[in-house]
Structure formats: C-alpha cells, structure tokens
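Peer 1: One structure follows; several queries about it will come next.
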Amino acid sequence: MKTDKDAIDMRGVTVNKFAEEAPSAGMTKNGYFYQEMEQREKEEPEDGSEEREEGQDSPIPSGDDIHLYANQIHPGGTDSDVHGCVLLNTSRRYVKLMNFEEEVRAHRDLDGFLERASILLHEDEASLDDVLKTMLRHVSQDPHTAEPACNFEEIMSSLFTDAGSQEVNDRSQSFLFYDNVHLLSETLQCVTATATGVQYQQSWLCILCNVKSLQRRHVCISRLERPQNWGENCAEVRYVILILSPLKMKSTKTAMELGRTFATMFSDISFRQKLLETKTQQEFKEALVIQRYHLTSAKHKPVSTEEEGTDPHSHKPLKCRDFFRVGRGIYEDLCRRLPLYASDFTDGIVGSNKALGKYMTTAIFLYIAVLLPAIAFGSLNDETTRGEIDVQKTIIGQSIGGIIYSLCAGSPLVVPLTTAPIAIFIGVIRGICDDYDLDFAAFYACIGLWNSLFLILGGVFNLSLLVKLFKRSIEEVIALFISIAFVVDAVKGTVKIFLKYYHPPTLANGSMAELQRSMNGGVIEGVNITGAGLVTLPESFILCTRARPLLCLLLMLGTLWLGYTLYEFKRSPFLHYKIREILSDCALPISVLIFSFIGSYVFNDIGLPVFDFDDERKLFRVAPFEKLSGASVLSAMGLGFLLALLIFIDQNIVVSLTNAPENRLIKGTAYHWDLTLSGIVNILMSVLGLPWMHAAFPHSTLHVRQLAFVEERVEGGHLYETIVSVKETRVTSLAANILIGVSVFLLPVPLQWIPKPVLYGLFLYIALTSIDGNQMCDRMALLLKEQTSYPPTHYIRKVPQRKIHYFTFLQMVQLLFLCAFGMYPLPYMKMIFPLLMIILIPIRNCLLPRIIEARYLDIMDAQHM
C-alpha cells in the first residue's frame with residue numbers, strides 16, 4: 001500500500017505475500033493490494049492462477065470441496081455469510097473456524113483480550129502502514145502490555161517481507177521505480193463457498209506475526225473511520241486485527257490459534273454490523289461477549305418433519321397429504337411469529353441498537369410510495385366506475401387495510417396495496433354490470449366475498465405450499481411484468497395528454513361567438529392587435545397549447561431523473577456517508593415534492609391535469625345484496641375465483657421475494673396466515689365498497705431495502721451489495737398507513753397540487769428501482785455486452801454461454817406472452833390473465849428441462865449471494 005510520503009511516485013507499494021498464487025473471488029488473487037505485472041504474465045503465463053480452470057490442479061477447492069469443512073464446523077458455529085465458511089492463511093492452507101462450544105482456548109483468548117483490550121474505534125489513516133504503526137504505538141504505550149525488551153519498529157518490519165522486490169526489478173525494466181515493495185508476512189482471511197464460487201470477506205483483515213523478543217501475546221483491533229480499498233479481495237476493509245505472539249508458544253497459544261478465535265468471530269457479517277454501531281470501547285467489548293455467547297450456545301436444532309411440513313421454504317418434497325392438514329399451516333405460522341410480536345415494535349426503538357433515523361426516512365418513503373399510486377389507481381377507478389370508487393375511497397381503503405395488515409400480518413415488511421390488475425378487474429366488473437343491468441355495489445361486494453372465501457380456504461388448506469413450484473425464474477418473469485406494467489401505465493397517461501393537448505392553439509367552445517360579439521359591439525377587452533395585423537387573444541379563449549404536454553413530459557422525466565439520481569447518491573464519494581444515506585432513503589419524497597412545486601407553482605399559468613374530487617359523494621355505503629338474483633350470485637362466484645387466483649399468485653410471490661434468502665430476514669415467514677388475513681381484509685373492503693388489496697410488488701421489496709444495512713464487496717471489478725441485516729419492524733408500515741389516513745383531510749388541496757405527470761414519474765421510478773437485482777435483467781444485458789465484460793456470477797462460471805442465452809430467450813418469450821394477454825385492450829381477455837400466470841409453472845418444471853439440462857436450470861435459478 002502506498003504510504004503518504006511516497007503516494008505520488010509509487011515507492012511504498014505493499015502487497016500480500018501470496019497475492020499471485022492464492023485464488024480469486026471465485027478463483028482470483030488474494031491480497032490487500034496487488035499490482036498487475038503484465039510483463040511477467042507475458043513471460044510466464046502458465047504460472048498465473050487465472051489460467052487455471054476451477055477445480056483443476058488448483059490448491060483452492062471448489063465449493064463442494066469446502067462443504068467438507070462445513071460439516072466439521074461446530075453446531076453452534078458462526079452465522080457467517082453462508083455455509084461452507086473457512087479461513088484462508090497466506091500459506092495457501094485452509095484453517096477451520098474455532099469451535100467455541102468445544103475448544104476452551106477460545107474463551108480464554110477472549111477473556112485475556114478483554115482484560116487488556118487494545119481497541120481503536122476511529123482510525124482515520126488510509127494507508128495500512130500507517131494503520132499498523134498506530135496500532136503498534138497504542139500497544140507499546142499501554143501500561144498493561146509493557147514489553148521492555150521489545151522494539152516495536154522491529155515488529156513493524158517483521159510484519160512485512162521484501163522477498164519480491166528484487167524479483168520485480170530484475171524481471172521487468174518497467175518496474176524499476178518500485179524500490180520498496182512490502183509484502184505481508186502472514187494473514188488470515190475468511191473465504192466462503194457459495195453458488196458464486198469461492199468468495200472473500202473483504203471488510204476485515206487479520207494479520208499475524210511471531211516475534212522472538214515478545215514475552216506475551218497481544219491483540220489489537222482497529223475499526224477504520226471509513227472503508228479502505230487496499231486492493232483486490234480487500235477492497236473495503238473496515239477492521240484490522242493485529243495478532244502478536246512470542247515465537248515459542250504452546251501449540252494452542254500460537255498466533256495462528258489466537259487468530260482463529262478472532263477471525264471466527266469476525267466471519268459473522270451481522271456481528272460486524274453490530275460492531276459498527278458501537279460508540280465506546282465498553283460497547284465494543286460487550287458486543288464481543290454477546291457474540292461469544294451466540295457462538296457457544298446457539299445450536300442448530302434439526303427441524304422436525306411436523307415443523308417444516310407446512311413451511312414453503314422447507315426442503316421437504318411436496319405431498320398431497322400436506323394440503324389436508326387443515327389449519328396446520330396457520331397454526332405453525334402463529335406459533336412462529338407470536339413470540340416475536342413485541343419485538344416487532346421495540347426493535348430499533350428500545351435498547352442500544354436504535355435506528356430511529358432509518359425508521360423516519362423509511363416511513364416517509366413508504367407514505368409517498370403508497371399514497372401516490374393510491375391516488376393514481378383511485379383516479380382510474382373513478383373513471384371506470386363513474387364515481388362508485390374514487391380517490392377518497394381508495395385512500396381510506398388503503399389506510400384501513402394497511403393498518404390492519406401492519407398490526408396482524410406475519411410478514412410486516414410486506415406492503416398491501418390496490419394494484420393495476422385490480423383496477424383493471426374493477427373496470428371489467430363495471431362493464432359487466434352495465435351490460436346486464438346489475439347493481440354495481442352489490443355485484444362488486446358479492447365477487448369480493450367469494451374471493452375472500454377462496455383465499456381463506458387457501459390458507460386453511462395450506463395452498464401456499466404451491467410456492468415451492470414457483471422457481472426464481474418464474475418469480476422474476478412476473479416481477480418484471482409488473483415493472484413493465486408500471487411503465488406502460490406511465491406511457492399511456494403521457495400519450496393521452498399529448499393526444500389531448502399537443503395541437504396548434506385552438507379556441508375554446510363559444511369563444512369565437514364571444515369574440516364576434518365583442519368585435520361587433522366595439523368592445524375588444526384583452527384583444528391586442530400587433531403592428532403586423534396579428535390578433536393576440538386573451539388566455540381564456542385558448543383551449544390548449546403545446547406548452548402543457550411538453551411540461552408534463554419534463555415533469556415526468558424530471559421526477560424519474562432526480563429520484564433515481566438521489567437513490568444512487570449513496571454510492572457517490574460526495575458528502576458524508578450518513579448524509580448520502582439519508583438522501584438516498586428520501587429520494588422519492590424529495591423528487592415528488594420538488595417537481596410538484598415546479599409544476600403547480602413555478603408554472604402555475606399552465607394548467608396541468610390533476611385527479612378529480614367530489615366531496616359530495618357518500619363515503620361508506622353498505623352493499624345492497626337484496627338486489628342480486630341467484631344467477632348473479634353464481635356468476636359472481638366464477639369472477640371471485642379468478643380474482644382469488646390473481647391475489648393468491650401475487651400475494652405468495654411477493655411474500656416469497658420479500659423473504660428471499662439474500663434479504664437475511666430472521667423472524668420467519670407466515671404464508672398461510674398472511675393469505676388468510678388478506679381474505680379477511682378484503683371482506684371489509686368488499687362490504688364497504690372500497691378497492692381490494694393484496695401484497696404489492698415492488699413496494700414490499702423496496703420496503704425491505706429501505707430498512708436494510710448493506711455491506712459492499714468488489715468481485716472481478718464489479719461492485720456488489722450484500723444485505724447484512726434488516727430491521728424487521730411494524731412501525732414503519734403502521735406509521736405510513738396512519739399518515740395516509742390523515743391525508744384524507746388534505747383533499748382536494750394540497751394533494752391536487754401533485755400533477756398527474758409526477759405520478760407517472762413515480763411509476764417509472766418504482767419500475768426502474770425494482771429491477772435492481774433481477775437476474776433475468778442481468779442476463780438480458782449480457783446480450784449487449786462483450787464477453788470480457790461479463791460479471792463473475794455463478795451461472796457465468798458453471799453454465800455454457802449458449803445455454804444461458806437459450807434460457808434468457810425462453811424467459812423473454814414467457815414475458816412477451818404475459819404482456820400480450822395482460823395488456824391486450826380487450827377487457828374480458830384480462831380476466832383470464834391469472835390462469836396464464838399458472839401456466840408458467842408447468843412450462844418451467846416440465847417443458848424447459850426438455851430443452852435445457854435440469855442441472856443448468858437449477859444453477860441459473862440459484863441465488864446470487
């Protein structure tokens with residue numbers, strides 16, 4: 001690593017001793033700084049580790065080989081990033097994690113460190129040399145760790161070796177200016193076997209050193225003020241652990257054994273996040289003690305067959321008898337979630353690990369992200385139902401249903417919402433009522449009650465187990481379809497505005513006659529005659545101008561641009577990272593407020609389209625069921641079944657995406673209870689004439705992302721974000737829905753100050769941010785990239801390129817199939833859309849394995865961790 005003194009001329013480069021020989025992230029170079037020596041690679045290409053194929057004559061085993069270590073790790077082992085976690089020494093030797101349940105030495109090592117703790121919490125040095133000098137200086141000045149016979153400058157020199165400097169100078173004349181190349185002598189770093197291959201934990205580095213003149217062992221931990229990029233596989237180091245030990249020690253007290261103890265603790269990504277939140281050395285020590293308790297007492301109890309039988313995330317094969325265990329799934333869901341109910345309100349509010357700032361920004365984000373679609377779909381319902389369901393009813397229904405869901409749901413991070421398919425379905429029902437002279441309120445309520453009955457029966461008979469048949473590829477196709485639907489709604493609204501207003505200036509109705517009367521009477525108020533004989537008419541005479549649609553287009557695109565720019569601002573180097581995080585969390589509210597102000601105030605002379613509001617309509621009206629005949633009730637049952645099928649698919653897919661393994665939610669799922677609760681909520685919606693609702697995508701996954709703490713890693717030049725932990729709380733959703741209920745008193749003003757183009761910009765923002773992490777989109781992008789730019793994902797490593805493109809093409813065909821039917825202008829065609837979504841299951845499970853080998857399909861459906 002470059003020192004401050006030699007930063008410009010590159011004379012203080014520090015690299016890992018075995019940088020060239022250790023594996024890459026998924027088979028790449030190991031070290032905290034690696035200088036690519038192109039000349040050497042040209043002369044000796046056979047020595048480069050990147051020329052080796054994975055698993056061929058490589059000292060680094062594949063993911064399956066590292067699984068052997070996972071079986072030897074203690075049952076109460078670390079909850080590391082994923083299974084198969086081991087330590088890699090610079091000698092290219094794998095070291096097992098410390099077993100805190102069986103190895104007594106681990107507890108004694110930690111106790112000894114706590115007695116003479118050397119902890120630096122706010123290290124602001126950027127160079128590893130400077131960081132190590134500071135740590136050694138701190139150890140030398142500590143009265144508890146006095147070493148009179150030891151020269152810490154010699155220790156500093158022994159941490160590095162210059163064995164490679166002469167070789168570099170001799171082999172390539174272009175590297176003669178590197179006259180002081182430092183190589184770390186010995187390190188420990190955690191590697192993990194995942195679906196992506198072998199990955200490094202890059203946020204911490206354990207440095208070992210045996211010193212002859214030392215009398216006792218020393219440990220110093222430094223938490224850097226900000227992540228430092230010290231090279232490949234150490235691209236965002238936040239912790240440095242320095243282990244010093246006498247040369248001759250008992251085999252259980254060596255630097256390696258002491259390093260195992262602390263490396264095992266730091267291999268837990270959640271523990272590292274907790275250490276970031278500590279403010280004092282005492283809190284840091286307490287976190288270490290708590291982590292030791294978890295490593296010692298946490299035992300992975302085998303899940304019994306009875307417990308996992310109704311859990312869609314279990315690996316138990318699906319059997320018909322599982323559907324006849326009436327109410328078993330709901331019972332297990334409640335048993336799993338009720339003990340944690342109180343913590344859903346207290347986590348992040350009570351205790352030392354507070355997250356009030358994140359809760360506030362998330363609640364504001366959720367308020368805007370839910371309220372504006374409610375206004376948009378309420379306006380659509382108002383047009384299609386001719387005022388039976390309007391904006392006011394949609395907002396009230398959202399507030400009531402959202403509050404009930406946030407208080408009672410088993411997955412509180414799931415956001416219920418009335419969606420575009422529901423709005424389309426309601427429009428179709430209005431058309432049927434007009435065609436057959438039926439009372440809309442009664443027929444709507446009857447369909448809703450049938451729908452709720454089917455949903456409740458689905459929860460009682462454990463039908464959510466069918467989620468096991470929905471592979472990741474199916475979920476991604478449906479999720480991408482929903483994102484496209486948001487884009488289509490925004491484009492349709494903008495096109496309507498252009499078709500209505502983008503014409504040459506036109507006189508309003510009656511204005512010509514009024515102008516003629518004014519001219520004949522000799523009174524021409526507001527009419528100016530220019531020198532060229534042209535007549536300038538007053539603004540009240542003009543029906544439309546081209547300024548209105550162009551302003552609408554700019555407002556829509558501006559809302560998208562500003563929102564997405566602020567959303568990505570957390571990855572920029574500007575401002576403090578906490579400010580960047582707040583701006584990113586509040587990206588949507590800021591964008592909506594700014595462009596609503598621009599459209600409604602700055603350009604107040606240009607009339608913009610807004611939603612309609614009639615405060616004279618009756619708010620609640622119980623459905624008059626007596627107006628329905630028996631035939632109408634039976635026909636409502638068929639429509640209710642189609643609606644239940646639509647909600648069943650969307651509800652379970654959204655819950656599955658929300659509880660995806662990469663989100664690291666730890667409080668468990670409640671598929672069956674949530675489906676039942678959705679049916680109960682829709683009973684109330686149906687009787688009161690409010691719009692139906694269900695779990696919404698992408699709002700639910702965006703809610704998770706807002707409450708997540710992430711850790712970044714660099715792999716093959718690509719930046720990935722890994723979720724460390726998520727605050728699983730009911731507070732944000734509850735607060736947002738209460739605010740939505742209060743927003744009824746903001747009708748019509750100031751909510752009518754939000755122009756429709758800003759709502760369309762919101763739709764585009766939601767669609768764009770929702771595709772982040774969609775593996776199907778990533779593979780579609782490969783079709784436009786050079787092969788050298790492909791990211792090092794698991795499917796790139798393990799699946800032939802042609803098979804990847806085949807699979808992507810087949811997914812695109814399925815997506816086009818959904819879009820063709822789901823967006824076809826014929827209303828009745830959209831009613832069978834849920835059946836088309838079901839067809840994707842046999843296509844994936846029966847048809848695709850005949851085209852592409854099943855093992856390749858399973859790899860491409862795996863999670864990218």
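A note on labels: chains of the structure tokens are A, B, ... as shown, every chain counts residues from 1, and ligands are counted from 1 in their shown order.
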Tell me, as a list of chain:residue names, which residues lie within 9 Å of Pro757 (chain A), counting only C-alpha atoms; anything in the same chain fewer than 2 positions away does not count.
Peer 2: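 Once the nearby chain positions are removed, what remains is A:Ala490, A:Gly493, A:Thr494, A:Leu551, A:Cys552, A:Leu553, A:Leu554, A:Leu555, A:Met556, A:Leu557, A:Thr559, A:Leu608, A:Pro609, A:Val610, A:Ile754, A:Pro755, A:Leu759, A:Tyr760, A:Gly761, A:Leu762.
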Peer 1: DSSP on the backbone, alpha helix (DSSP H) only: what residues of region 214-385 of chain A does that give? Format it as a PyMOL selection string.
Peer 2: chain A and resi 255-266+269-276+281-297+305-308+328-337+343-346+356-385
Peer 1: When you count only C-alpha atoms, which of these residues is closest to Thr254 (chain A): A:Thr385, A:Ser314, A:Ser158, A:Asn210?
Peer 2: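 Among the listed residues, the smallest separation from Thr254 (chain A) belongs to A:Asn210.
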Peer 1: At what distance in Å, to one decimal, does CA of Leu746 (chain A) lie from CA of Asn604 (chain A)?
Peer 2: 19.7 Å
Peer 1: So that I can see what lies close to region 668-672 of chain A, please list as a list of chain:residue names the residues with an atom at most 6 Å from it, counting only C-alpha atoms and leaving out residues fewer than 3 positions away in the same chain.
Peer 2: A:Gly329, A:Ile330, A:Asp333, A:Gly410, A:Gly459, A:Leu675
Peer 1: Considering only C-alpha atoms, return as a count of residues only whatever protein or nucleic-acid residues lie within 9 Å of Gln398 (chain A), sequence-local ones (same chain, fewer than 6 positions apart) excluded.
Peer 2: 13
Peer 1: Near Lys393 (chain A), within 9 Å and counting only C-alpha atoms, which residues show up once chain neighbours fewer than 2 positions away are dropped, as a list in words?
Peer 2: Gly378, Glu388, Ile389, Asp390, Val391, Ile395, Ile396, Gly397, Gln398, Leu619, Phe620, Gly689, Leu690 and Pro691 of chain A
Peer 1: Compare A:Val731, A:Leu183, A:Val710, A:Leu97 by their minimum atom-to-atom distance to Thr264 (chain A), counting only C-alpha atoms, and give me the closest one.
Peer 2: A:Leu97
Peer 1: So what do you get for CA of Tyr436 (chain A) versus CA of Val633 (chain A), distance-wise?
Peer 2: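 Between CA of Tyr436 (chain A) and CA of Val633 (chain A) the gap works out to 13.2 Å.
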Peer 1: Just the residues within 9 Å of Leu643 (chain A), please, counting only C-alpha atoms, with nothing from its chain fewer than 5 positions along; format it as a ChimeraX atom specification.
Peer 2: /A:422,425,447-448,451,638,648,831,834
Peer 1: Would you pick out the contacts of Tyr444 (chain A) at 9 Å or less, using only C-alpha atoms, so that residues sharing its chain but fewer than 2 positions from it are not included, and give the list as a list in words?
Peer 2: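 Answer for this query is Ile426, Ile429, Arg430, Asp439, Phe440, Ala441, Ala442, Cys446, Ile447, Gly448, Leu449, Ala623, Ala636, Ser686, Val687 and Gly689 of chain A.
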Peer 1: Take the residues from that selection and write them out as an mmCIF file, in the first residue's frame, keeping all heavy atoms.
Peer 2:
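Okay, result19.cif is ready:
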data_model
loop_
_atom_site.group_PDB
_atom_site.id
_atom_site.type_symbol
_atom_site.label_atom_id
_atom_site.label_comp_id
_atom_site.auth_asym_id
_atom_site.auth_seq_id
_atom_site.Cartn_x
_atom_site.Cartn_y
_atom_site.Cartn_z
ATOM 1 N N ILE A 426 -61.685 -4.251 -11.706
ATOM 2 C CA ILE A 426 -62.845 -3.473 -11.279
ATOM 3 C C ILE A 426 -63.526 -2.826 -12.479
ATOM 4 O O ILE A 426 -64.769 -2.776 -12.569
ATOM 5 C CB ILE A 426 -62.413 -2.410 -10.252
ATOM 6 C CG1 ILE A 426 -61.968 -3.076 -8.950
ATOM 7 C CG2 ILE A 426 -63.544 -1.430 -9.966
ATOM 8 C CD1 ILE A 426 -61.386 -2.113 -7.929
ATOM 9 N N ILE A 429 -65.653 -5.383 -14.200
ATOM 10 C CA ILE A 429 -66.889 -5.632 -13.444
ATOM 11 C C ILE A 429 -67.903 -4.533 -13.727
ATOM 12 O O ILE A 429 -69.109 -4.797 -13.882
ATOM 13 C CB ILE A 429 -66.573 -5.716 -11.940
ATOM 14 C CG1 ILE A 429 -65.718 -6.953 -11.651
ATOM 15 C CG2 ILE A 429 -67.850 -5.759 -11.112
ATOM 16 C CD1 ILE A 429 -65.221 -7.054 -10.230
ATOM 17 N N ARG A 430 -67.446 -3.282 -13.823
ATOM 18 C CA ARG A 430 -68.356 -2.187 -14.143
ATOM 19 C C ARG A 430 -68.980 -2.390 -15.519
ATOM 20 O O ARG A 430 -70.197 -2.158 -15.712
ATOM 21 C CB ARG A 430 -67.586 -0.878 -14.109
ATOM 22 C CG ARG A 430 -68.410 0.332 -14.498
ATOM 23 C CD ARG A 430 -69.302 0.775 -13.360
ATOM 24 N NE ARG A 430 -70.703 0.798 -13.725
ATOM 25 C CZ ARG A 430 -71.652 1.388 -13.002
ATOM 26 N NH1 ARG A 430 -71.327 1.999 -11.872
ATOM 27 N NH2 ARG A 430 -72.907 1.371 -13.370
ATOM 28 N N ASP A 439 -76.698 -4.082 -10.208
ATOM 29 C CA ASP A 439 -76.253 -3.064 -9.272
ATOM 30 C C ASP A 439 -74.764 -3.259 -8.986
ATOM 31 O O ASP A 439 -74.347 -4.325 -8.514
ATOM 32 C CB ASP A 439 -77.057 -3.155 -7.974
ATOM 33 C CG ASP A 439 -76.691 -2.056 -7.004
ATOM 34 O OD1 ASP A 439 -77.211 -0.937 -7.133
ATOM 35 O OD2 ASP A 439 -75.841 -2.314 -6.107
ATOM 36 N N PHE A 440 -73.972 -2.231 -9.288
ATOM 37 C CA PHE A 440 -72.520 -2.380 -9.179
ATOM 38 C C PHE A 440 -72.072 -2.659 -7.750
ATOM 39 O O PHE A 440 -71.249 -3.547 -7.506
ATOM 40 C CB PHE A 440 -71.824 -1.117 -9.710
ATOM 41 C CG PHE A 440 -70.334 -1.131 -9.490
ATOM 42 C CD1 PHE A 440 -69.508 -1.862 -10.333
ATOM 43 C CD2 PHE A 440 -69.768 -0.432 -8.429
ATOM 44 C CE1 PHE A 440 -68.128 -1.884 -10.132
ATOM 45 C CE2 PHE A 440 -68.393 -0.456 -8.218
ATOM 46 C CZ PHE A 440 -67.577 -1.186 -9.067
ATOM 47 N N ALA A 441 -72.592 -1.908 -6.798
ATOM 48 C CA ALA A 441 -72.134 -2.061 -5.411
ATOM 49 C C ALA A 441 -72.409 -3.465 -4.896
ATOM 50 O O ALA A 441 -71.560 -4.096 -4.251
ATOM 51 C CB ALA A 441 -72.802 -1.025 -4.522
ATOM 52 N N ALA A 442 -73.597 -4.008 -5.198
ATOM 53 C CA ALA A 442 -73.942 -5.349 -4.723
ATOM 54 C C ALA A 442 -73.126 -6.417 -5.434
ATOM 55 O O ALA A 442 -72.609 -7.355 -4.799
ATOM 56 C CB ALA A 442 -75.435 -5.592 -4.923
ATOM 57 N N CYS A 446 -70.374 -8.933 -3.773
ATOM 58 C CA CYS A 446 -70.547 -10.383 -3.865
ATOM 59 C C CYS A 446 -69.296 -11.049 -4.426
ATOM 60 O O CYS A 446 -68.847 -12.086 -3.925
ATOM 61 C CB CYS A 446 -71.764 -10.690 -4.737
ATOM 62 S SG CYS A 446 -72.264 -12.420 -4.701
ATOM 63 N N ILE A 447 -68.709 -10.466 -5.464
ATOM 64 C CA ILE A 447 -67.462 -11.001 -6.014
ATOM 65 C C ILE A 447 -66.362 -10.966 -4.963
ATOM 66 O O ILE A 447 -65.593 -11.924 -4.807
ATOM 67 C CB ILE A 447 -67.054 -10.193 -7.271
ATOM 68 C CG1 ILE A 447 -68.053 -10.410 -8.407
ATOM 69 C CG2 ILE A 447 -65.651 -10.591 -7.727
ATOM 70 C CD1 ILE A 447 -67.800 -9.524 -9.606
ATOM 71 N N GLY A 448 -66.305 -9.860 -4.224
ATOM 72 C CA GLY A 448 -65.276 -9.743 -3.192
ATOM 73 C C GLY A 448 -65.439 -10.768 -2.087
ATOM 74 O O GLY A 448 -64.440 -11.301 -1.573
ATOM 75 N N LEU A 449 -66.668 -11.081 -1.700
ATOM 76 C CA LEU A 449 -66.892 -12.073 -0.646
ATOM 77 C C LEU A 449 -66.522 -13.467 -1.123
ATOM 78 O O LEU A 449 -65.944 -14.260 -0.364
ATOM 79 C CB LEU A 449 -68.351 -12.021 -0.190
ATOM 80 C CG LEU A 449 -68.768 -10.740 0.552
ATOM 81 C CD1 LEU A 449 -70.244 -10.792 0.920
ATOM 82 C CD2 LEU A 449 -67.923 -10.538 1.794
ATOM 83 N N ALA A 623 -73.260 -2.569 0.873
ATOM 84 C CA ALA A 623 -73.758 -3.115 -0.381
ATOM 85 C C ALA A 623 -75.186 -3.646 -0.224
ATOM 86 O O ALA A 623 -75.480 -4.385 0.724
ATOM 87 C CB ALA A 623 -72.842 -4.233 -0.862
ATOM 88 N N ALA A 636 -71.076 -14.400 -9.913
ATOM 89 C CA ALA A 636 -70.070 -13.708 -9.111
ATOM 90 C C ALA A 636 -69.051 -14.687 -8.549
ATOM 91 O O ALA A 636 -67.892 -14.318 -8.317
ATOM 92 C CB ALA A 636 -70.741 -12.933 -7.983
ATOM 93 N N SER A 686 -64.872 -5.250 0.538
ATOM 94 C CA SER A 686 -65.991 -5.559 -0.349
ATOM 95 C C SER A 686 -67.297 -4.995 0.185
ATOM 96 O O SER A 686 -68.084 -4.381 -0.555
ATOM 97 C CB SER A 686 -66.113 -7.082 -0.515
ATOM 98 O OG SER A 686 -64.909 -7.636 -1.011
ATOM 99 N N VAL A 687 -67.571 -5.184 1.459
ATOM 100 C CA VAL A 687 -68.836 -4.748 2.037
ATOM 101 C C VAL A 687 -68.963 -3.234 2.026
ATOM 102 O O VAL A 687 -70.053 -2.684 1.783
ATOM 103 C CB VAL A 687 -68.974 -5.299 3.474
ATOM 104 C CG1 VAL A 687 -70.215 -4.739 4.156
ATOM 105 C CG2 VAL A 687 -69.041 -6.824 3.456
ATOM 106 N N GLY A 689 -67.503 -1.199 -0.098
ATOM 107 C CA GLY A 689 -67.313 -0.630 -1.435
ATOM 108 C C GLY A 689 -65.960 0.016 -1.629
ATOM 109 O O GLY A 689 -65.819 0.964 -2.415
#
Peer 1: Between A:Ser399, A:Gln281, A:Thr419, A:Asn229, which is the closest to Phe763 (chain A) once you count only C-alpha atoms?
Peer 2: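 The closest residue to Phe763 (chain A) is A:Thr419.
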Peer 1: Name the closest residue to Leu646 (chain A) among the candidates A:Tyr359, A:Phe443, A:Phe324, A:Phe454; distances are taken between atoms, counting only C-alpha atoms.
Peer 2: A:Phe454
Peer 1: Could you check which of A:Met780, A:Ile838, A:Ala235, A:Val428 is closest to Glu712 (chain A), using only C-alpha atoms?
Peer 2: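 That would be A:Ala235, the residue with the smallest distance to Glu712 (chain A).
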Peer 1: Would you compute the distance between CA of Leu734 (chain A) and CA of Ala409 (chain A)? Give it in Å to one decimal.
Peer 2: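 Here the two named atoms are 11.3 Å from each other.
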